[in-house]
file model00.csv (CSV, C-alpha atoms)
chain,number,residue,atom,x,y,z
Q,1,MET,CA,74.4,153.3,108.5
Q,2,ARG,CA,77.3,153.3,110.9
Q,3,ILE,CA,77.3,150.6,113.5
Q,4,ALA,CA,79.2,150.2,116.8
Q,5,LEU,CA,79.8,146.7,118.0
Q,6,ILE,CA,80.2,145.7,121.7
Q,7,ALA,CA,80.6,142.2,123.2
Q,8,ASP,CA,80.9,140.3,126.4
Q,9,THR,CA,80.5,143.2,128.8
Q,10,HIS,CA,79.7,140.9,131.8
Q,11,LEU,CA,77.8,143.6,133.7
Q,12,SER,CA,77.0,143.1,137.4
Q,13,VAL,CA,77.2,144.9,140.6
Q,14,ARG,CA,79.7,142.1,141.4
Q,15,SER,CA,82.0,143.2,138.6
Q,16,PRO,CA,82.6,147.0,139.1
Q,17,GLU,CA,85.6,146.8,136.7
Q,18,CYS,CA,83.4,145.6,133.9
Q,19,VAL,CA,80.9,148.3,134.6
Q,20,ALA,CA,83.7,150.9,134.5
Q,21,ASN,CA,84.7,149.5,131.1
Q,22,TRP,CA,81.1,149.7,129.9
Q,23,HIS,CA,81.0,153.4,130.7
Q,24,ALA,CA,84.3,153.9,128.9
Q,25,ALA,CA,82.9,152.2,125.8
Q,26,ARG,CA,79.7,154.3,126.2
Q,27,ARG,CA,81.7,157.5,126.1
Q,28,ALA,CA,83.7,156.3,123.1
Q,29,VAL,CA,80.6,155.4,121.2
Q,30,ALA,CA,79.0,158.8,122.0
Q,31,ARG,CA,82.0,160.5,120.3
Q,32,LEU,CA,81.7,158.4,117.2
Q,33,GLY,CA,78.3,159.6,116.0
Q,34,VAL,CA,77.1,156.1,115.0
Q,35,ASP,CA,73.5,155.3,114.2
Q,36,LEU,CA,73.2,151.9,116.0
Q,37,THR,CA,75.0,149.7,118.5
Q,38,VAL,CA,74.8,145.9,118.4
Q,39,HIS,CA,75.6,144.0,121.6
Q,40,LEU,CA,76.8,140.5,120.7
Q,41,GLY,CA,75.9,138.8,124.0
Q,42,ASP,CA,77.1,137.9,127.4
Q,43,ILE,CA,75.7,141.2,128.4
Q,44,THR,CA,75.7,140.1,132.1
Q,45,LEU,CA,78.2,138.4,134.3
Q,46,ASP,CA,75.9,135.5,135.2
Q,47,GLY,CA,72.3,136.6,134.4
Q,48,GLN,CA,71.4,133.0,133.9
Q,49,VAL,CA,71.9,132.4,137.6
Q,50,HIS,CA,71.5,135.9,139.1
Q,51,ARG,CA,68.5,137.2,137.2
Q,52,ASP,CA,68.7,140.6,138.9
Q,53,GLU,CA,71.8,141.1,136.7
Q,54,LEU,CA,69.5,141.2,133.6
Q,55,ASP,CA,67.6,144.1,135.1
Q,56,PHE,CA,70.8,145.8,136.1
Q,57,ALA,CA,72.2,145.5,132.6
Q,58,ALA,CA,68.9,146.8,131.1
Q,59,ARG,CA,69.0,149.9,133.3
Q,60,LEU,CA,72.6,150.6,132.1
Q,61,MET,CA,71.6,150.1,128.5
Q,62,ARG,CA,68.8,152.7,128.8
Q,63,HIS,CA,71.6,155.4,129.0
Q,64,TRP,CA,73.5,154.2,126.0
Q,65,PRO,CA,73.9,157.0,123.5
Q,66,THR,CA,72.5,155.2,120.4
Q,67,GLU,CA,69.7,152.9,119.4
Q,68,THR,CA,70.7,149.4,120.4
Q,69,ARG,CA,70.0,145.8,119.4
Q,70,CYS,CA,71.2,142.8,121.5
Q,71,VAL,CA,71.6,139.1,121.0
Q,72,PRO,CA,71.8,136.8,124.1
Q,73,GLY,CA,74.9,134.9,125.2
Q,74,ASN,CA,75.5,131.9,127.4
Q,75,HIS,CA,76.0,134.1,130.5
Q,76,ASP,CA,72.6,135.7,129.9
Q,77,LEU,CA,70.3,132.6,129.4
Q,78,GLY,CA,72.4,129.5,130.0
Q,79,THR,CA,74.7,127.4,127.8
Q,80,GLY,CA,72.0,125.8,125.6
Q,81,SER,CA,73.5,125.3,122.1
Q,82,GLY,CA,72.7,121.5,122.3
Q,83,GLU,CA,75.3,121.1,125.0
Q,84,VAL,CA,72.9,121.2,128.0
Q,85,PRO,CA,69.1,121.1,128.0
Q,86,PHE,CA,67.5,124.3,126.9
Q,87,ASP,CA,65.6,126.1,129.7
Q,88,PRO,CA,62.7,128.2,128.3
Q,89,THR,CA,62.3,130.0,131.6
Q,90,LEU,CA,65.7,131.6,131.2
Q,91,LEU,CA,64.8,132.8,127.7
Q,92,GLU,CA,61.6,134.3,129.0
Q,93,ALA,CA,63.5,136.1,131.8
Q,94,TYR,CA,65.9,137.5,129.2
Q,95,ARG,CA,63.1,138.7,126.9
Q,96,GLN,CA,61.3,140.4,129.8
Q,97,ALA,CA,64.5,142.3,130.8
Q,98,LEU,CA,66.3,143.0,127.5
Q,99,GLY,CA,63.7,142.5,124.7
Q,100,PRO,CA,63.6,140.2,121.7
Q,101,ASP,CA,66.3,137.6,121.2
Q,102,ARG,CA,66.0,137.9,117.4
Q,103,TRP,CA,65.5,140.9,115.2
Q,104,VAL,CA,65.8,142.3,111.7
Q,105,LEU,CA,66.8,145.8,110.4
Q,106,ARG,CA,66.9,146.8,106.8
Q,107,ALA,CA,69.1,149.7,105.7
Q,108,GLY,CA,69.6,150.4,102.0
Q,109,ASP,CA,70.9,147.2,100.3
Q,110,TRP,CA,71.6,145.5,103.6
Q,111,THR,CA,69.5,143.2,105.8
Q,112,LEU,CA,70.8,143.0,109.4
Q,113,LEU,CA,69.7,139.8,111.3
Q,114,GLY,CA,70.3,139.2,115.0
Q,115,ILE,CA,69.7,135.6,116.2
Q,116,ASN,CA,69.9,133.7,119.4
Q,117,ALA,CA,72.9,131.3,119.0
Q,118,GLN,CA,72.0,129.6,122.3
Q,119,LEU,CA,69.0,128.0,120.6
Q,120,LEU,CA,71.0,126.4,117.8
Q,121,GLY,CA,71.4,122.6,118.2
Q,122,THR,CA,68.8,122.4,121.0
Q,123,ASN,CA,66.1,120.7,118.8
Q,124,SER,CA,63.6,122.8,120.7
Q,125,THR,CA,60.4,124.4,119.5
Q,126,GLU,CA,62.1,127.8,120.0
Q,127,GLU,CA,64.9,126.7,117.6
Q,128,ALA,CA,62.3,125.5,115.0
Q,129,ALA,CA,60.6,128.9,115.3
Q,130,LEU,CA,64.0,130.6,114.8
Q,131,TRP,CA,64.7,128.7,111.6
Q,132,ALA,CA,61.2,129.4,110.3
Q,133,TRP,CA,61.7,133.1,111.0
Q,134,LEU,CA,65.0,133.1,109.2
Q,135,ALA,CA,63.5,131.4,106.1
Q,136,ASP,CA,60.7,134.0,106.1
Q,137,GLN,CA,63.2,136.9,106.2
Q,138,CYS,CA,65.2,135.4,103.3
Q,139,ALA,CA,62.0,134.9,101.3
Q,140,GLN,CA,61.2,138.6,101.8
Q,141,ASP,CA,64.6,139.6,100.6
Q,142,GLY,CA,64.9,137.3,97.7
Q,143,ASP,CA,68.4,136.7,96.1
Q,144,HIS,CA,69.4,140.4,95.8
Q,145,GLY,CA,71.2,142.6,98.3
Q,146,GLN,CA,73.4,141.6,101.2
Q,147,THR,CA,72.9,140.2,104.6
Q,148,ALA,CA,74.9,140.6,107.9
Q,149,LEU,CA,74.3,138.0,110.6
Q,150,PHE,CA,74.9,138.9,114.3
Q,151,LEU,CA,75.0,136.2,117.0
Q,152,HIS,CA,77.0,135.4,120.1
Q,153,ARG,CA,79.0,132.4,119.1
Q,154,PRO,CA,81.3,132.3,116.1
Q,155,LEU,CA,80.6,129.8,113.4
Q,156,TRP,CA,83.2,127.0,113.1
Q,157,LEU,CA,84.9,127.8,109.8
Q,158,GLN,CA,85.7,124.2,109.1
Q,159,ARG,CA,89.0,124.9,107.4
Q,160,PRO,CA,92.2,122.8,107.6
Q,161,GLY,CA,93.9,123.4,110.9
Q,162,ASP,CA,90.7,124.7,112.7
Q,163,VAL,CA,90.3,123.1,116.1
Q,164,VAL,CA,86.8,122.4,117.3
Q,165,ARG,CA,86.6,123.5,120.9
Q,166,LYS,CA,83.6,122.4,122.9
Q,167,GLY,CA,81.5,125.4,123.9
Q,168,ARG,CA,83.2,127.9,121.6
Q,169,TYR,CA,81.4,127.6,118.3
Q,170,VAL,CA,77.9,127.2,117.0
Q,171,ASP,CA,76.7,123.6,116.6
Q,172,ALA,CA,78.3,122.1,113.5
Q,173,ALA,CA,75.0,121.2,111.8
Q,174,ALA,CA,73.6,124.6,112.5
Q,175,THR,CA,76.7,126.3,111.1
Q,176,GLN,CA,76.3,124.3,107.8
Q,177,ARG,CA,72.7,125.2,107.6
Q,178,LEU,CA,73.4,128.9,108.1
Q,179,LEU,CA,76.2,129.0,105.5
Q,180,SER,CA,74.5,126.7,102.9
Q,181,GLY,CA,70.8,127.2,103.5
Q,182,PRO,CA,68.4,130.1,102.6
Q,183,LEU,CA,70.9,132.7,103.8
Q,184,ALA,CA,73.7,131.5,101.5
Q,185,ALA,CA,72.7,133.7,98.4
Q,186,ARG,CA,73.0,137.0,100.4
Q,187,LEU,CA,75.2,136.3,103.4
Q,188,ARG,CA,78.3,138.5,103.3
Q,189,LEU,CA,79.1,139.1,107.0
Q,190,VAL,CA,78.9,137.1,110.3
Q,191,VAL,CA,79.7,139.1,113.5
Q,192,SER,CA,80.1,137.3,116.8
Q,193,GLY,CA,81.5,137.6,120.3
Q,194,HIS,CA,82.0,134.9,123.0
Q,195,ALA,CA,85.7,134.1,122.3
Q,196,HIS,CA,86.9,137.4,123.8
Q,197,GLN,CA,89.2,137.6,120.8
Q,198,TYR,CA,89.5,139.7,117.6
Q,199,VAL,CA,89.5,137.8,114.3
Q,200,ASP,CA,88.8,139.2,110.9
Q,201,THR,CA,88.8,136.6,108.1
Q,202,THR,CA,86.9,135.8,104.9
Q,203,VAL,CA,86.0,132.3,103.9
Q,204,GLY,CA,84.0,131.4,100.8
Q,205,GLY,CA,83.0,135.1,100.2
Q,206,VAL,CA,81.7,135.5,103.8
Q,207,ARG,CA,83.6,137.8,106.2
Q,208,HIS,CA,83.7,136.5,109.8
Q,209,LEU,CA,84.4,139.2,112.4
Q,210,TRP,CA,84.9,138.2,116.0
Q,211,MET,CA,84.7,141.1,118.5
Q,212,PRO,CA,86.7,141.1,121.7
Q,213,SER,CA,85.3,141.6,125.1
Q,214,THR,CA,85.2,144.9,126.9
Q,215,ALA,CA,85.4,143.0,130.2
Q,216,PHE,CA,88.5,140.9,130.1
Q,217,ILE,CA,90.8,138.9,127.8
Q,218,LEU,CA,91.3,135.1,127.8
Q,219,PRO,CA,94.8,133.6,128.2
Q,220,ASP,CA,94.7,131.9,124.8

call {"tool": "encode", "arguments": {"input": "model00.csv", "output": "structure tokens"}}
result
Amino acid sequence: MRIALIADTHLSVRSPECVANWHAARRAVARLGVDLTVHLGDITLDGQVHRDELDFAARLMRHWPTETRCVPGNHDLGTGSGEVPFDPTLLEAYRQALGPDRWVLRAGDWTLLGINAQLLGTNSTEEAALWAWLADQCAQDGDHGQTALFLHRPLWLQRPGDVVRKGRYVDAAATQRLLSGPLAARLRLVVSGHAHQYVDTTVGGVRHLWMPSTAFILPD
């Protein structure tokens, strides 16, 4: 299976430059002949406030040239992530417009898991359901094969020199649970967006791939 990755498109009628970039990416993916596209979140410019942007993005996605799977970002359903109270109404609006906020695909030796990073650290019933779902998927796969994890926020790699920046990474306790919990035996790849930067590094046998934004770069 060949997979295209796209992140932080920030789609809105208020951001025509981002929409133009979306169409450029769509044309590029159409030429690649891939089987699947994974969107790594921040699909909308501010769908957590302007909910019509969720529907706008959904309409654009219907014309994407491949099958797609999405994970939500903070611009789609609010900051969450234990930093602000989790709002279940925003999650429901996302699901109605763009579909499930977690998913699994199995292809050959690989299991592909997409999860909602905005739930991690919220101590909500939705977060508990996510952890239970992950444990169930791991139980189905056993210790054999390989797993790729797709989510909006990067994991804090916790290496010497890493700087913990509020709002950038997954909650530290959740990061540890993802790297050392039931996923540990099979986890080989973690793919994220959010930082608007490209990073490709391997730590402890797990490759961490950050995908840049199609919308705009950040000054750092």

call {"tool": "closest_residue", "arguments": {"input": "model00.csv", "among": "Q:Leu130, Q:Ile217, Q:Val84, Q:Leu5", "to": "Q:Cys70", "atoms": "only C-alpha atoms"}}
result
Q:Leu5

call {"tool": "residues_around", "arguments": {"input": "model00.csv", "residues": "Q:Val206", "least_positions_apart": "6", "cutoff": "8 Å", "atoms": "only C-alpha atoms", "output": "MDAnalysis selection string"}}
result
chainID Q and resid 187:190

call {"tool": "residues_around", "arguments": {"input": "model00.csv", "residues": "Q:Lys166", "least_positions_apart": "2", "cutoff": "12 Å", "atoms": "all atoms listed in the file", "output": "VMD selection string"}}
result
chain Q and resid 79 81 to 84 153 156 163 to 164 168 to 172 195

call {"tool": "atom_distance", "arguments": {"input": "model00.csv", "atom1": "atom CA of Q:Ile43", "atom2": "atom CA of Q:His10"}}
result
5.3 Å

call {"tool": "residues_around", "arguments": {"input": "model00.csv", "residues": "Q:Gln48", "least_positions_apart": "4", "cutoff": "7 Å", "atoms": "all atoms listed in the file", "output": "ChimeraX atom specification"}}
result
/Q:75-78,90

call {"tool": "write_last_selection", "arguments": {"input": "model00.csv", "atoms": "C-alpha atoms", "output": "tab-separated table (two decimals), in the frame of the given file"}}
result
chain	number	residue	atom	x	y	z
Q	75	HIS	CA	76.00	134.10	130.50
Q	76	ASP	CA	72.60	135.70	129.90
Q	77	LEU	CA	70.30	132.60	129.40
Q	78	GLY	CA	72.40	129.50	130.00
Q	90	LEU	CA	65.70	131.60	131.20

call {"tool": "atom_distance", "arguments": {"input": "model00.csv", "atom1": "atom CA of Q:Met61", "atom2": "atom CA of Q:Asn21"}}
result
13.4 Å

call {"tool": "residues_around", "arguments": {"input": "model00.csv", "residues": "Q:Val38", "least_positions_apart": "3", "cutoff": "12 Å", "atoms": "all atoms listed in the file", "output": "ChimeraX atom specification"}}
result
/Q:2-8,29,34-35,41,43,61,64,66-72,102-105,112-115,148-152,191-193,211

call {"tool": "residues_around", "arguments": {"input": "model00.csv", "residues": "Q:Ala139", "least_positions_apart": "2", "cutoff": "12 Å", "atoms": "all atoms listed in the file", "output": "VMD selection string"}}
result
chain Q and resid 132 to 137 141 to 144 181 to 183 185 to 186

call {"tool": "atom_distance", "arguments": {"input": "model00.csv", "atom1": "atom CA of Q:Thr9", "atom2": "atom CA of Q:Trp22"}}
result
6.6 Å

call {"tool": "decode", "arguments": {"input": "model00.csv", "residues": "stretch 43-83 of chain Q", "atoms": "N, CA and C atoms", "output": "PDB file, in the first residue's frame"}}
result
ATOM      1  N   ILE Q  43      -7.558  20.251   9.637  1.00  0.00           N
ATOM      2  CA  ILE Q  43      -8.154  20.234   8.312  1.00  0.00           C
ATOM      3  C   ILE Q  43      -8.710  21.615   7.985  1.00  0.00           C
ATOM      4  N   THR Q  44      -9.273  22.260   9.004  1.00  0.00           N
ATOM      5  CA  THR Q  44      -9.928  23.561   8.837  1.00  0.00           C
ATOM      6  C   THR Q  44      -9.077  24.691   9.406  1.00  0.00           C
ATOM      7  N   LEU Q  45      -9.448  25.896   9.029  1.00  0.00           N
ATOM      8  CA  LEU Q  45      -8.780  27.074   9.581  1.00  0.00           C
ATOM      9  C   LEU Q  45      -9.157  27.273  11.040  1.00  0.00           C
ATOM     10  N   ASP Q  46     -10.444  27.235  11.327  1.00  0.00           N
ATOM     11  CA  ASP Q  46     -10.930  27.379  12.706  1.00  0.00           C
ATOM     12  C   ASP Q  46     -12.292  26.718  12.842  1.00  0.00           C
ATOM     13  N   GLY Q  47     -12.368  25.448  12.505  1.00  0.00           N
ATOM     14  CA  GLY Q  47     -13.644  24.746  12.561  1.00  0.00           C
ATOM     15  C   GLY Q  47     -14.211  24.613  13.953  1.00  0.00           C
ATOM     16  N   GLN Q  48     -13.351  24.758  14.962  1.00  0.00           N
ATOM     17  CA  GLN Q  48     -13.847  24.681  16.332  1.00  0.00           C
ATOM     18  C   GLN Q  48     -14.695  25.898  16.695  1.00  0.00           C
ATOM     19  N   VAL Q  49     -14.542  26.985  15.961  1.00  0.00           N
ATOM     20  CA  VAL Q  49     -15.329  28.204  16.171  1.00  0.00           C
ATOM     21  C   VAL Q  49     -16.331  28.392  15.039  1.00  0.00           C
ATOM     22  N   HIS Q  50     -15.871  28.251  13.819  1.00  0.00           N
ATOM     23  CA  HIS Q  50     -16.710  28.411  12.632  1.00  0.00           C
ATOM     24  C   HIS Q  50     -17.062  27.020  12.108  1.00  0.00           C
ATOM     25  N   ARG Q  51     -18.144  26.452  12.599  1.00  0.00           N
ATOM     26  CA  ARG Q  51     -18.434  25.056  12.287  1.00  0.00           C
ATOM     27  C   ARG Q  51     -18.796  24.829  10.823  1.00  0.00           C
ATOM     28  N   ASP Q  52     -19.154  25.896  10.117  1.00  0.00           N
ATOM     29  CA  ASP Q  52     -19.404  25.748   8.688  1.00  0.00           C
ATOM     30  C   ASP Q  52     -18.136  25.349   7.945  1.00  0.00           C
ATOM     31  N   GLU Q  53     -16.963  25.627   8.543  1.00  0.00           N
ATOM     32  CA  GLU Q  53     -15.709  25.240   7.910  1.00  0.00           C
ATOM     33  C   GLU Q  53     -15.531  23.725   7.878  1.00  0.00           C
ATOM     34  N   LEU Q  54     -16.103  23.019   8.857  1.00  0.00           N
ATOM     35  CA  LEU Q  54     -16.063  21.563   8.838  1.00  0.00           C
ATOM     36  C   LEU Q  54     -16.798  21.026   7.613  1.00  0.00           C
ATOM     37  N   ASP Q  55     -17.975  21.586   7.342  1.00  0.00           N
ATOM     38  CA  ASP Q  55     -18.739  21.160   6.166  1.00  0.00           C
ATOM     39  C   ASP Q  55     -18.045  21.574   4.873  1.00  0.00           C
ATOM     40  N   PHE Q  56     -17.431  22.754   4.875  1.00  0.00           N
ATOM     41  CA  PHE Q  56     -16.689  23.218   3.704  1.00  0.00           C
ATOM     42  C   PHE Q  56     -15.545  22.263   3.381  1.00  0.00           C
ATOM     43  N   ALA Q  57     -14.788  21.877   4.419  1.00  0.00           N
ATOM     44  CA  ALA Q  57     -13.676  20.943   4.221  1.00  0.00           C
ATOM     45  C   ALA Q  57     -14.177  19.581   3.758  1.00  0.00           C
ATOM     46  N   ALA Q  58     -15.295  19.142   4.324  1.00  0.00           N
ATOM     47  CA  ALA Q  58     -15.851  17.840   3.930  1.00  0.00           C
ATOM     48  C   ALA Q  58     -16.231  17.834   2.453  1.00  0.00           C
ATOM     49  N   ARG Q  59     -16.777  18.945   1.965  1.00  0.00           N
ATOM     50  CA  ARG Q  59     -17.142  19.013   0.546  1.00  0.00           C
ATOM     51  C   ARG Q  59     -15.905  18.937  -0.341  1.00  0.00           C
ATOM     52  N   LEU Q  60     -14.841  19.621   0.070  1.00  0.00           N
ATOM     53  CA  LEU Q  60     -13.608  19.559  -0.708  1.00  0.00           C
ATOM     54  C   LEU Q  60     -13.017  18.143  -0.700  1.00  0.00           C
ATOM     55  N   MET Q  61     -13.109  17.479   0.432  1.00  0.00           N
ATOM     56  CA  MET Q  61     -12.513  16.155   0.545  1.00  0.00           C
ATOM     57  C   MET Q  61     -13.232  15.118  -0.308  1.00  0.00           C
ATOM     58  N   ARG Q  62     -14.488  15.359  -0.589  1.00  0.00           N
ATOM     59  CA  ARG Q  62     -15.227  14.407  -1.426  1.00  0.00           C
ATOM     60  C   ARG Q  62     -14.661  14.321  -2.847  1.00  0.00           C
ATOM     61  N   HIS Q  63     -13.881  15.324  -3.248  1.00  0.00           N
ATOM     62  CA  HIS Q  63     -13.292  15.336  -4.586  1.00  0.00           C
ATOM     63  C   HIS Q  63     -11.813  14.940  -4.572  1.00  0.00           C
ATOM     64  N   TRP Q  64     -11.340  14.448  -3.429  1.00  0.00           N
ATOM     65  CA  TRP Q  64      -9.943  14.004  -3.352  1.00  0.00           C
ATOM     66  C   TRP Q  64      -9.793  12.728  -4.186  1.00  0.00           C
ATOM     67  N   PRO Q  65      -8.658  12.531  -4.838  1.00  0.00           N
ATOM     68  CA  PRO Q  65      -8.547  11.434  -5.811  1.00  0.00           C
ATOM     69  C   PRO Q  65      -8.331  10.039  -5.215  1.00  0.00           C
ATOM     70  N   THR Q  66      -8.152   9.911  -3.908  1.00  0.00           N
ATOM     71  CA  THR Q  66      -7.942   8.598  -3.298  1.00  0.00           C
ATOM     72  C   THR Q  66      -8.894   8.422  -2.118  1.00  0.00           C
ATOM     73  N   GLU Q  67      -8.958   7.210  -1.625  1.00  0.00           N
ATOM     74  CA  GLU Q  67      -9.592   6.974  -0.335  1.00  0.00           C
ATOM     75  C   GLU Q  67      -8.850   7.786   0.727  1.00  0.00           C
ATOM     76  N   THR Q  68      -9.576   8.317   1.702  1.00  0.00           N
ATOM     77  CA  THR Q  68      -8.937   9.147   2.728  1.00  0.00           C
ATOM     78  C   THR Q  68      -9.309   8.674   4.124  1.00  0.00           C
ATOM     79  N   ARG Q  69      -8.413   8.946   5.066  1.00  0.00           N
ATOM     80  CA  ARG Q  69      -8.669   8.815   6.487  1.00  0.00           C
ATOM     81  C   ARG Q  69      -8.138  10.082   7.150  1.00  0.00           C
ATOM     82  N   CYS Q  70      -8.850  10.566   8.157  1.00  0.00           N
ATOM     83  CA  CYS Q  70      -8.464  11.815   8.828  1.00  0.00           C
ATOM     84  C   CYS Q  70      -8.339  11.593  10.331  1.00  0.00           C
ATOM     85  N   VAL Q  71      -7.492  12.390  10.959  1.00  0.00           N
ATOM     86  CA  VAL Q  71      -7.498  12.532  12.415  1.00  0.00           C
ATOM     87  C   VAL Q  71      -7.685  14.020  12.717  1.00  0.00           C
ATOM     88  N   PRO Q  72      -8.406  14.356  13.774  1.00  0.00           N
ATOM     89  CA  PRO Q  72      -8.687  15.770  14.045  1.00  0.00           C
ATOM     90  C   PRO Q  72      -7.524  16.487  14.699  1.00  0.00           C
ATOM     91  N   GLY Q  73      -7.482  17.803  14.458  1.00  0.00           N
ATOM     92  CA  GLY Q  73      -6.503  18.668  15.103  1.00  0.00           C
ATOM     93  C   GLY Q  73      -7.182  19.702  15.975  1.00  0.00           C
ATOM     94  N   ASN Q  74      -6.375  20.526  16.618  1.00  0.00           N
ATOM     95  CA  ASN Q  74      -6.907  21.535  17.531  1.00  0.00           C
ATOM     96  C   ASN Q  74      -7.748  22.578  16.800  1.00  0.00           C
ATOM     97  N   HIS Q  75      -7.460  22.846  15.540  1.00  0.00           N
ATOM     98  CA  HIS Q  75      -8.267  23.808  14.799  1.00  0.00           C
ATOM     99  C   HIS Q  75      -9.583  23.209  14.316  1.00  0.00           C
ATOM    100  N   ASP Q  76      -9.741  21.901  14.491  1.00  0.00           N
ATOM    101  CA  ASP Q  76     -10.974  21.237  14.070  1.00  0.00           C
ATOM    102  C   ASP Q  76     -11.950  21.030  15.229  1.00  0.00           C
ATOM    103  N   LEU Q  77     -11.428  20.764  16.433  1.00  0.00           N
ATOM    104  CA  LEU Q  77     -12.344  20.521  17.557  1.00  0.00           C
ATOM    105  C   LEU Q  77     -11.845  21.080  18.880  1.00  0.00           C
ATOM    106  N   GLY Q  78     -10.983  22.076  18.820  1.00  0.00           N
ATOM    107  CA  GLY Q  78     -10.554  22.748  20.046  1.00  0.00           C
ATOM    108  C   GLY Q  78      -9.261  22.174  20.585  1.00  0.00           C
ATOM    109  N   THR Q  79      -8.642  22.908  21.489  1.00  0.00           N
ATOM    110  CA  THR Q  79      -7.319  22.554  22.006  1.00  0.00           C
ATOM    111  C   THR Q  79      -7.335  21.227  22.744  1.00  0.00           C
ATOM    112  N   GLY Q  80      -8.244  21.057  23.712  1.00  0.00           N
ATOM    113  CA  GLY Q  80      -8.298  19.805  24.454  1.00  0.00           C
ATOM    114  C   GLY Q  80      -6.938  19.450  25.005  1.00  0.00           C
ATOM    115  N   SER Q  81      -6.523  18.183  24.806  1.00  0.00           N
ATOM    116  CA  SER Q  81      -5.186  17.699  25.163  1.00  0.00           C
ATOM    117  C   SER Q  81      -4.811  17.972  26.624  1.00  0.00           C
ATOM    118  N   GLY Q  82      -5.798  18.106  27.494  1.00  0.00           N
ATOM    119  CA  GLY Q  82      -5.529  18.364  28.897  1.00  0.00           C
ATOM    120  C   GLY Q  82      -5.181  19.800  29.211  1.00  0.00           C
ATOM    121  N   GLU Q  83      -5.097  20.658  28.192  1.00  0.00           N
ATOM    122  CA  GLU Q  83      -4.724  22.056  28.397  1.00  0.00           C
ATOM    123  C   GLU Q  83      -5.934  22.940  28.646  1.00  0.00           C
TER     124      GLU Q  83
END
